[in-house]
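So this block is upload_2.cif, mmCIF, C-alpha atoms:
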```cif
data_run
loop_
_atom_site.label_atom_id
_atom_site.label_comp_id
_atom_site.auth_asym_id
_atom_site.auth_seq_id
_atom_site.Cartn_x
_atom_site.Cartn_y
_atom_site.Cartn_z
CA MET A 1 69.94 81.04 143.74
CA VAL A 2 66.18 80.99 144.38
CA LEU A 3 66.67 80.88 148.15
CA TYR A 4 69.06 83.85 148.03
CA ILE A 5 66.63 85.84 145.88
CA LEU A 6 63.76 85.16 148.28
CA GLU A 7 65.81 85.88 151.39
CA HIS A 8 67.03 89.22 150.04
CA GLY A 9 63.72 90.34 148.56
CA LEU A 10 64.97 90.54 144.97
CA PRO A 11 62.44 90.60 142.10
CA LEU A 12 61.20 87.16 141.05
CA ASP A 13 58.03 86.52 139.04
CA GLU A 14 58.42 82.92 137.95
CA VAL A 15 60.50 79.81 138.63
CA MET A 16 60.96 77.28 135.81
CA PHE A 17 61.88 73.64 136.29
CA TYR A 18 62.75 71.51 133.27
CA ASP A 19 62.00 67.88 134.11
CA THR A 20 63.94 65.52 131.86
CA GLY A 21 62.26 62.56 133.55
CA MET A 22 65.77 61.28 134.35
CA GLU A 23 66.40 63.20 137.55
CA PHE A 24 67.38 61.65 140.86
CA GLU A 25 64.48 61.28 143.29
CA ALA A 26 66.19 63.83 145.55
CA ILE A 27 65.64 66.52 142.90
CA TYR A 28 61.90 65.96 142.97
CA ARG A 29 61.93 66.20 146.78
CA ILE A 30 63.70 69.55 146.52
CA ARG A 31 61.07 70.70 144.03
CA ASP A 32 58.20 69.59 146.27
CA LYS A 33 59.74 71.36 149.26
CA LEU A 34 60.05 74.61 147.29
CA LEU A 35 56.55 74.65 145.76
CA PRO A 36 54.59 75.78 148.85
CA ILE A 37 57.19 78.48 149.54
CA LEU A 38 56.72 79.91 146.05
CA ALA A 39 52.94 79.65 146.33
CA SER A 40 52.92 81.53 149.64
CA ARG A 41 54.77 84.41 147.95
CA GLY A 42 52.62 84.45 144.83
CA ILE A 43 55.48 83.37 142.56
CA ARG A 44 54.43 81.45 139.50
CA TYR A 45 55.87 77.96 139.09
CA THR A 46 56.18 76.41 135.63
CA GLU A 47 57.24 72.85 134.93
CA LEU A 48 58.54 72.12 131.45
CA SER A 49 59.48 68.79 129.88
CA PRO A 50 60.80 67.35 126.59
CA PRO A 51 58.24 67.08 123.77
CA VAL A 52 58.79 63.30 123.78
CA PRO A 53 60.12 61.04 126.57
CA PHE A 54 63.88 61.24 127.13
CA LEU A 55 64.35 57.49 126.61
CA TYR A 56 62.59 57.67 123.24
CA ASP A 57 65.16 60.18 121.99
CA MET A 58 67.95 58.19 123.60
CA LEU A 59 67.01 54.71 122.35
CA GLU A 60 64.21 54.69 119.79
CA ARG A 61 64.07 57.83 117.65
CA PRO A 62 64.91 57.11 113.97
CA VAL A 63 68.15 58.99 113.24
CA VAL A 64 70.14 59.49 110.03
CA SER A 65 73.68 60.82 110.47
CA LYS A 66 76.76 61.18 108.29
CA GLN A 67 78.85 59.15 110.73
CA LYS A 68 76.54 56.20 111.48
CA GLY A 69 73.95 56.31 108.71
CA SER A 70 70.47 55.18 109.74
CA HIS A 71 70.05 54.01 113.32
CA PHE A 72 67.76 54.35 116.34
CA GLY A 73 68.27 56.80 119.18
CA TYR A 74 70.79 59.55 119.86
CA GLY A 75 72.53 57.37 122.44
CA TRP A 76 74.19 58.57 125.63
CA CYS A 77 73.79 62.27 126.35
CA GLY A 78 77.05 64.00 127.26
CA GLY A 79 80.48 64.93 125.96
CA VAL A 80 80.32 66.02 122.33
CA CYS A 81 76.72 64.74 121.98
CA ARG A 82 74.68 66.76 124.47
CA TRP A 83 71.36 66.49 122.68
CA GLY A 84 69.40 66.53 125.95
CA THR A 85 71.03 69.77 127.03
CA THR A 86 70.26 71.34 123.66
CA ARG A 87 66.60 70.32 123.95
CA LYS A 88 66.46 71.74 127.47
CA GLN A 89 67.95 75.08 126.45
CA GLN A 90 65.61 75.39 123.47
CA THR A 91 62.55 74.70 125.63
CA LEU A 92 63.56 77.12 128.38
CA ASP A 93 64.49 79.83 125.86
CA ALA A 94 61.15 79.50 124.10
CA HIS A 95 59.22 79.79 127.35
CA SER A 96 61.19 82.78 128.68
CA ARG A 97 61.21 84.74 125.42
CA GLY A 98 60.26 88.37 126.07
CA ALA A 99 61.27 88.33 129.76
CA ALA A 100 63.07 91.41 131.08
CA ALA A 101 65.61 89.24 132.94
CA VAL A 102 66.28 85.52 133.07
CA TYR A 103 68.28 84.31 136.06
CA ILE A 104 70.64 81.40 135.37
CA GLY A 105 72.16 79.54 138.33
CA PHE A 106 75.80 79.57 137.22
CA ALA A 107 78.20 80.14 140.11
CA ALA A 108 81.13 82.56 140.25
CA ASP A 109 83.65 79.76 139.64
CA GLU A 110 82.00 78.61 136.39
CA PRO A 111 83.42 81.15 133.92
CA HIS A 112 83.21 78.69 131.00
CA ARG A 113 79.43 78.65 131.41
CA ILE A 114 78.95 82.34 132.12
CA GLN A 115 80.86 83.48 129.03
CA GLY A 116 78.07 82.29 126.76
CA LEU A 117 75.34 84.33 128.47
CA SER A 118 73.84 87.40 126.84
CA PRO A 119 70.93 89.65 127.93
CA PRO A 120 68.32 89.08 129.14
CA LYS A 121 70.15 86.07 130.66
CA CYS A 122 72.33 86.85 133.64
CA ALA A 123 74.18 84.98 136.40
CA PRO A 124 73.34 86.62 139.74
CA LEU A 125 75.42 84.08 141.70
CA GLU A 126 78.49 85.43 139.91
CA GLU A 127 77.43 89.01 140.67
CA TRP A 128 77.17 88.08 144.35
CA GLY A 129 80.55 86.31 144.25
CA LEU A 130 79.09 82.94 145.32
CA THR A 131 81.05 79.85 144.25
CA GLU A 132 79.55 76.37 143.90
CA ALA A 133 80.90 75.49 147.36
CA ASP A 134 79.42 78.69 148.79
CA CYS A 135 76.04 77.84 147.31
CA LEU A 136 76.03 74.32 148.72
CA SER A 137 76.96 75.59 152.18
CA TYR A 138 74.28 78.29 151.93
CA CYS A 139 71.60 75.70 151.14
CA ARG A 140 72.68 73.21 153.79
CA GLU A 141 72.78 75.91 156.46
CA ARG A 142 69.12 76.52 155.69
CA GLY A 143 68.12 72.87 155.86
CA TRP A 144 68.22 71.93 152.19
CA TRP A 145 69.82 68.52 151.57
CA TRP A 146 69.78 66.35 148.46
CA LEU A 147 68.90 63.15 150.31
CA GLN A 148 68.69 59.96 148.25
CA ALA A 149 67.71 56.53 149.58
CA SER A 150 70.78 54.30 149.82
CA PRO A 151 71.02 50.79 151.27
CA ALA A 152 74.77 51.30 151.74
CA ALA A 153 74.54 54.56 153.71
CA GLU A 154 74.21 54.92 157.45
CA GLY A 155 70.60 55.80 158.21
CA GLY A 156 69.44 54.69 154.77
CA TYR A 157 70.00 58.03 153.02
CA ILE A 158 72.96 59.83 151.50
CA ASP A 159 73.34 63.39 150.26
CA LEU A 160 74.02 63.32 146.53
CA TYR A 161 76.53 66.16 146.86
CA ASP A 162 78.62 63.93 149.14
CA ILE A 163 79.11 61.39 146.33
CA LEU A 164 78.72 63.40 143.12
CA ASP A 165 80.58 66.46 141.88
CA ARG A 166 77.46 67.65 140.05
CA VAL A 167 73.88 66.46 140.51
CA SER A 168 72.91 66.16 136.87
CA CYS A 169 70.65 63.52 135.29
CA TRP A 170 71.49 60.07 136.64
CA CYS A 171 72.20 58.84 133.09
CA CYS A 172 74.58 61.67 132.09
CA SER A 173 77.69 60.24 130.46
CA ASN A 174 79.74 63.21 131.69
CA LYS A 175 79.99 61.58 135.10
CA ASN A 176 83.57 60.89 136.09
CA ARG A 177 85.00 57.65 137.44
CA LYS A 178 84.59 58.65 141.08
CA GLU A 179 80.94 59.54 140.57
CA LEU A 180 80.21 56.30 138.72
CA LYS A 181 81.86 54.20 141.41
CA ASN A 182 79.81 56.00 144.06
CA ILE A 183 76.62 55.32 142.13
CA TYR A 184 77.63 51.65 141.93
CA THR A 185 78.40 51.60 145.67
CA TYR A 186 75.63 53.74 147.17
CA LEU A 187 72.82 53.78 144.59
CA PRO A 188 72.56 50.22 143.22
CA ASP A 189 69.07 50.76 141.81
CA TYR A 190 70.34 53.60 139.60
CA TRP A 191 73.36 51.51 138.65
CA GLU A 192 71.01 48.79 137.42
CA ARG A 193 69.18 51.39 135.34
CA LEU A 194 72.48 52.44 133.75
CA LYS A 195 73.25 48.81 132.94
CA ALA A 196 69.80 48.39 131.37
CA ILE A 197 70.39 51.40 129.11
CA GLN A 198 73.89 50.21 128.19
CA ALA A 199 72.45 46.81 127.20
CA ARG A 200 70.48 48.59 124.48
CA LEU A 201 73.36 50.74 123.19
CA ASP A 202 76.44 49.75 121.23
CA ARG A 203 78.32 52.87 122.23
CA PRO A 204 79.98 52.60 125.67
CA MET A 205 78.79 55.11 128.27
CA LYS A 206 82.36 56.41 128.53
CA ALA A 207 83.24 56.03 124.87
CA TYR A 208 85.68 58.75 123.97
CA GLN A 209 88.91 60.03 125.47
CA ASN A 210 88.09 63.37 127.05
CA LYS A 211 90.36 65.52 129.22
CA ARG A 212 87.49 66.57 131.47
CA TYR A 213 85.40 63.40 131.74
CA GLY A 214 87.76 60.53 130.86
CA CYS A 215 87.22 57.30 128.93
CA TYR A 216 86.43 54.06 130.76
CA GLY A 217 84.23 51.78 128.63
CA ARG A 218 80.84 50.11 128.98
CA VAL A 219 78.85 50.11 132.22
CA GLU A 220 79.20 46.34 132.71
CA GLN A 221 82.97 46.65 132.21
CA LEU A 222 83.09 49.36 134.84
CA GLU A 223 81.16 47.09 137.19
CA GLU A 224 83.78 44.36 136.81
CA VAL A 225 86.51 46.83 137.71
CA PHE A 226 84.57 48.16 140.71
CA GLU A 227 83.90 44.61 141.94
CA GLN A 228 87.60 43.79 141.70
CA GLU A 229 88.47 46.96 143.61
CA ALA A 230 85.91 46.10 146.31
CA GLU A 231 87.44 42.63 146.70
CA SER A 232 90.92 44.11 146.96
CA GLU A 233 89.75 46.51 149.66
CA LYS A 234 88.30 43.59 151.64
CA VAL A 235 91.63 41.79 151.48
CA ARG A 236 93.39 44.84 152.87
#
```
When written as structure tokens, how does the structure in this file appear?
Amino acid sequence: MVLYILEHGLPLDEVMFYDTGMEFEAIYRIRDKLLPILASRGIRYTELSPPVPFLYDMLERPVVSKQKGSHFGYGWCGGVCRWGTTRKQQTLDAHSRGAAAVYIGFAADEPHRIQGLSPPKCAPLEEWGLTEADCLSYCRERGWWWLQASPAAEGGYIDLYDILDRVSCWCCSNKNRKELKNIYTYLPDYWERLKAIQARLDRPMKAYQNKRYGCYGRVEQLEEVFEQEAESEKVR
């Protein structure tokens, strides 16, 4: 969205980036590549973050709920418990309050997201008729790739959009089975981080049956399944 705005000379005063602290390294490379471009055009860049570290909210914050009583941490973020997303929206809304227009990067084929927008928020990608696939092609044609170091990939790097449907936080429990297996296969360091988080949580990463995201169990259980599948593929 930002690239399209710049290329077509549309009005843009500020670009906001909300850093959860749980982004893939590729996201920070994209940010660092964009910063000098914004600076050369006199566009203000603002980096926002949670008021406390993400892992504190996830694992350590004292919580009292009707369902679980007193416990520590909100647990996995995703599904019906998207506390990280709520925090992000609140922070961005507070910072952009009073703006004449707030551009949100929802694509034309994301109607479920666009329906909830109200002025001054708008979805210019929808207005331009650009789908998610269109946007990815647009970026790649201009040399923007979400390259992540991978010991299993040819050349040592893999584009995250080749293995993930959506490049969200690496610890998002909305990731589907295909995405999780690709993280296990291509990004073993991030897989180990997921296992470390799971070791501190009773609730499985994929805890609840969900039509969109599925239900698979704990991270270490998923690893056992993926290992078995890898062995079966070797036999073939």
Proximity of stretch 115-172 of chain A to stretch 49-54 of chain A: per-residue shortest pair, 12 Å limit, only C-alpha atoms, as CSV:
```
residue,atom,partner,partner_atom,distance
A:Cys169,CA,A:Phe54,CA,10.8
A:Cys171,CA,A:Phe54,CA,10.5
A:Cys172,CA,A:Phe54,CA,11.8
```
Exercise. Can you list what the PyMOL selection byres ((chain A and resi 3) around 10) grabs from this structure, as a PyMOL selection string?
Worked result: chain A and resi 1-2+4-9+34+37+135+138-139+142+144
For this session: Have a look at atom CA of A:Phe17 and atom CA of A:Thr46 and let me know their distance in Å, one decimal.
Result: 6.4 Å
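The result of the PyMOL selection byres ((chain A and resi 58) around 9) on the shown file is Pro53, Phe54, Leu55, Tyr56, Asp57, Leu59, Glu60, Arg61, Phe72, Gly73, Tyr74, Gly75, Trp76, Cys77 and Gly84 of chain A.
If only C-alpha atoms are the atoms counted, then among A:Gly217, A:Pro111, A:Pro11, A:Pro120 the closest residue to A:Gly98 is A:Pro120.
Shortest separation to A:Gly105 among A:Val15, A:Ser150, A:Tyr45, A:Lys68 occurs at residue A:Val15, atoms counted being only C-alpha atoms.
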If the PyMOL selection byres ((chain A and resi 180) around 10) is run on the structure shown, which residues does it catch, given as an mmCIF file with C-alpha atoms, keeping the file's coordinate frame?
```
data_model
loop_
_atom_site.group_PDB
_atom_site.id
_atom_site.type_symbol
_atom_site.label_atom_id
_atom_site.label_comp_id
_atom_site.auth_asym_id
_atom_site.auth_seq_id
_atom_site.Cartn_x
_atom_site.Cartn_y
_atom_site.Cartn_z
ATOM 1 C CA ILE A 163 79.110 61.390 146.330
ATOM 2 C CA LEU A 164 78.720 63.400 143.120
ATOM 3 C CA TRP A 170 71.490 60.070 136.640
ATOM 4 C CA SER A 173 77.690 60.240 130.460
ATOM 5 C CA ASN A 174 79.740 63.210 131.690
ATOM 6 C CA LYS A 175 79.990 61.580 135.100
ATOM 7 C CA ASN A 176 83.570 60.890 136.090
ATOM 8 C CA ARG A 177 85.000 57.650 137.440
ATOM 9 C CA LYS A 178 84.590 58.650 141.080
ATOM 10 C CA GLU A 179 80.940 59.540 140.570
ATOM 11 C CA LYS A 181 81.860 54.200 141.410
ATOM 12 C CA ASN A 182 79.810 56.000 144.060
ATOM 13 C CA ILE A 183 76.620 55.320 142.130
ATOM 14 C CA TYR A 184 77.630 51.650 141.930
ATOM 15 C CA THR A 185 78.400 51.600 145.670
ATOM 16 C CA TYR A 186 75.630 53.740 147.170
ATOM 17 C CA LEU A 187 72.820 53.780 144.590
ATOM 18 C CA TRP A 191 73.360 51.510 138.650
ATOM 19 C CA LEU A 194 72.480 52.440 133.750
ATOM 20 C CA VAL A 219 78.850 50.110 132.220
ATOM 21 C CA LEU A 222 83.090 49.360 134.840
ATOM 22 C CA GLU A 223 81.160 47.090 137.190
ATOM 23 C CA PHE A 226 84.570 48.160 140.710
#
```
For this session: Name the residues in contact with A:Lys33 at a cut-off of 12 Å, using all atoms listed in the file, excluding same-chain residues fewer than 3 positions from it; report them as a list in words.
Result: Leu3, Ala26, Ile27, Tyr28, Arg29, Ile30, Pro36, Ile37, Leu38, Ala39, Gly143, Trp144, Trp145 and Trp146 of chain A
Any chance you could work out the axis-aligned box around stretch 173-192 of chain A, listed atoms only, 4 Å on each side, giving centre and edge lengths in Å to one decimal, as AutoDock Vina command-line options?
```
--center_x 77.0 --center_y 56.0 --center_z 138.8 --size_x 23.9 --size_y 22.4 --size_z 24.7
```
For this session: Measure the distance from atom CA of A:Ala133 to atom CA of A:Asp159 in Å and round it to one decimal.
Result: 14.6 Å
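Atom CA of A:Ile104 is found 20.5 Å from atom CA of A:Arg41.
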Problem set entry | Within 6 Å of A:Thr131 using only C-alpha atoms, minus same-chain residues under 5 positions, as an MDAnalysis selection string | chainID A and resid 107:109
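For the choices A:Leu92, A:Ala123, A:Ile43, A:Leu130, the atom-to-atom distance to A:Tyr18 is smallest for A:Leu92 when using all atoms listed in the file.
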Exercise. Of the candidates A:Glu126, A:Glu154, A:Glu141, A:Asp189, which one gets nearest to A:Phe24 if we count all atoms listed in the file?
Worked result: A:Asp189
How about completing stretch 124-145 of chain A with N, CA and C atoms and giving it to me as a PDB file, in the coordinates of the input?
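Result file follows (result-v1.pdb):
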```pdb
ATOM      1  N   PRO A 124      73.258  85.853 138.489  1.00  0.00           N
ATOM      2  CA  PRO A 124      73.340  86.620 139.740  1.00  0.00           C
ATOM      3  C   PRO A 124      74.295  86.016 140.760  1.00  0.00           C
ATOM      4  N   LEU A 125      74.479  84.687 140.752  1.00  0.00           N
ATOM      5  CA  LEU A 125      75.420  84.080 141.700  1.00  0.00           C
ATOM      6  C   LEU A 125      76.829  84.617 141.480  1.00  0.00           C
ATOM      7  N   GLU A 126      77.176  84.843 140.217  1.00  0.00           N
ATOM      8  CA  GLU A 126      78.490  85.430 139.910  1.00  0.00           C
ATOM      9  C   GLU A 126      78.542  86.857 140.434  1.00  0.00           C
ATOM     10  N   GLU A 127      77.468  87.617 140.213  1.00  0.00           N
ATOM     11  CA  GLU A 127      77.430  89.010 140.670  1.00  0.00           C
ATOM     12  C   GLU A 127      77.588  89.089 142.184  1.00  0.00           C
ATOM     13  N   TRP A 128      77.067  88.089 142.900  1.00  0.00           N
ATOM     14  CA  TRP A 128      77.170  88.080 144.350  1.00  0.00           C
ATOM     15  C   TRP A 128      78.474  87.442 144.829  1.00  0.00           C
ATOM     16  N   GLY A 129      79.275  86.916 143.892  1.00  0.00           N
ATOM     17  CA  GLY A 129      80.550  86.310 144.250  1.00  0.00           C
ATOM     18  C   GLY A 129      80.429  84.958 144.931  1.00  0.00           C
ATOM     19  N   LEU A 130      79.330  84.238 144.681  1.00  0.00           N
ATOM     20  CA  LEU A 130      79.090  82.940 145.320  1.00  0.00           C
ATOM     21  C   LEU A 130      79.608  81.805 144.443  1.00  0.00           C
ATOM     22  N   THR A 131      80.540  81.018 144.969  1.00  0.00           N
ATOM     23  CA  THR A 131      81.050  79.850 144.250  1.00  0.00           C
ATOM     24  C   THR A 131      80.099  78.675 144.443  1.00  0.00           C
ATOM     25  N   GLU A 132      80.382  77.573 143.741  1.00  0.00           N
ATOM     26  CA  GLU A 132      79.550  76.370 143.900  1.00  0.00           C
ATOM     27  C   GLU A 132      79.585  75.899 145.356  1.00  0.00           C
ATOM     28  N   ALA A 133      80.772  75.913 145.957  1.00  0.00           N
ATOM     29  CA  ALA A 133      80.900  75.490 147.360  1.00  0.00           C
ATOM     30  C   ALA A 133      80.119  76.420 148.279  1.00  0.00           C
ATOM     31  N   ASP A 134      80.173  77.721 148.000  1.00  0.00           N
ATOM     32  CA  ASP A 134      79.420  78.690 148.790  1.00  0.00           C
ATOM     33  C   ASP A 134      77.921  78.395 148.718  1.00  0.00           C
ATOM     34  N   CYS A 135      77.471  78.086 147.522  1.00  0.00           N
ATOM     35  CA  CYS A 135      76.040  77.840 147.310  1.00  0.00           C
ATOM     36  C   CYS A 135      75.574  76.595 148.055  1.00  0.00           C
ATOM     37  N   LEU A 136      76.393  75.554 148.023  1.00  0.00           N
ATOM     38  CA  LEU A 136      76.030  74.320 148.720  1.00  0.00           C
ATOM     39  C   LEU A 136      75.971  74.559 150.231  1.00  0.00           C
ATOM     40  N   SER A 137      76.952  75.274 150.755  1.00  0.00           N
ATOM     41  CA  SER A 137      76.960  75.590 152.180  1.00  0.00           C
ATOM     42  C   SER A 137      75.744  76.435 152.557  1.00  0.00           C
ATOM     43  N   TYR A 138      75.428  77.406 151.705  1.00  0.00           N
ATOM     44  CA  TYR A 138      74.280  78.290 151.930  1.00  0.00           C
ATOM     45  C   TYR A 138      72.995  77.480 152.049  1.00  0.00           C
ATOM     46  N   CYS A 139      72.811  76.521 151.130  1.00  0.00           N
ATOM     47  CA  CYS A 139      71.600  75.700 151.140  1.00  0.00           C
ATOM     48  C   CYS A 139      71.550  74.799 152.364  1.00  0.00           C
ATOM     49  N   ARG A 140      72.655  74.145 152.654  1.00  0.00           N
ATOM     50  CA  ARG A 140      72.680  73.210 153.790  1.00  0.00           C
ATOM     51  C   ARG A 140      72.462  73.933 155.118  1.00  0.00           C
ATOM     52  N   GLU A 141      72.985  75.133 155.237  1.00  0.00           N
ATOM     53  CA  GLU A 141      72.780  75.910 156.460  1.00  0.00           C
ATOM     54  C   GLU A 141      71.306  76.236 156.678  1.00  0.00           C
ATOM     55  N   ARG A 142      70.543  76.221 155.601  1.00  0.00           N
ATOM     56  CA  ARG A 142      69.120  76.520 155.690  1.00  0.00           C
ATOM     57  C   ARG A 142      68.246  75.275 155.614  1.00  0.00           C
ATOM     58  N   GLY A 143      68.884  74.114 155.759  1.00  0.00           N
ATOM     59  CA  GLY A 143      68.120  72.870 155.860  1.00  0.00           C
ATOM     60  C   GLY A 143      67.770  72.204 154.549  1.00  0.00           C
ATOM     61  N   TRP A 144      68.489  72.536 153.490  1.00  0.00           N
ATOM     62  CA  TRP A 144      68.220  71.930 152.190  1.00  0.00           C
ATOM     63  C   TRP A 144      69.306  70.908 151.882  1.00  0.00           C
ATOM     64  N   TRP A 145      68.899  69.634 151.818  1.00  0.00           N
ATOM     65  CA  TRP A 145      69.820  68.520 151.570  1.00  0.00           C
ATOM     66  C   TRP A 145      69.284  67.671 150.437  1.00  0.00           C
TER      67      TRP A 145
END
```
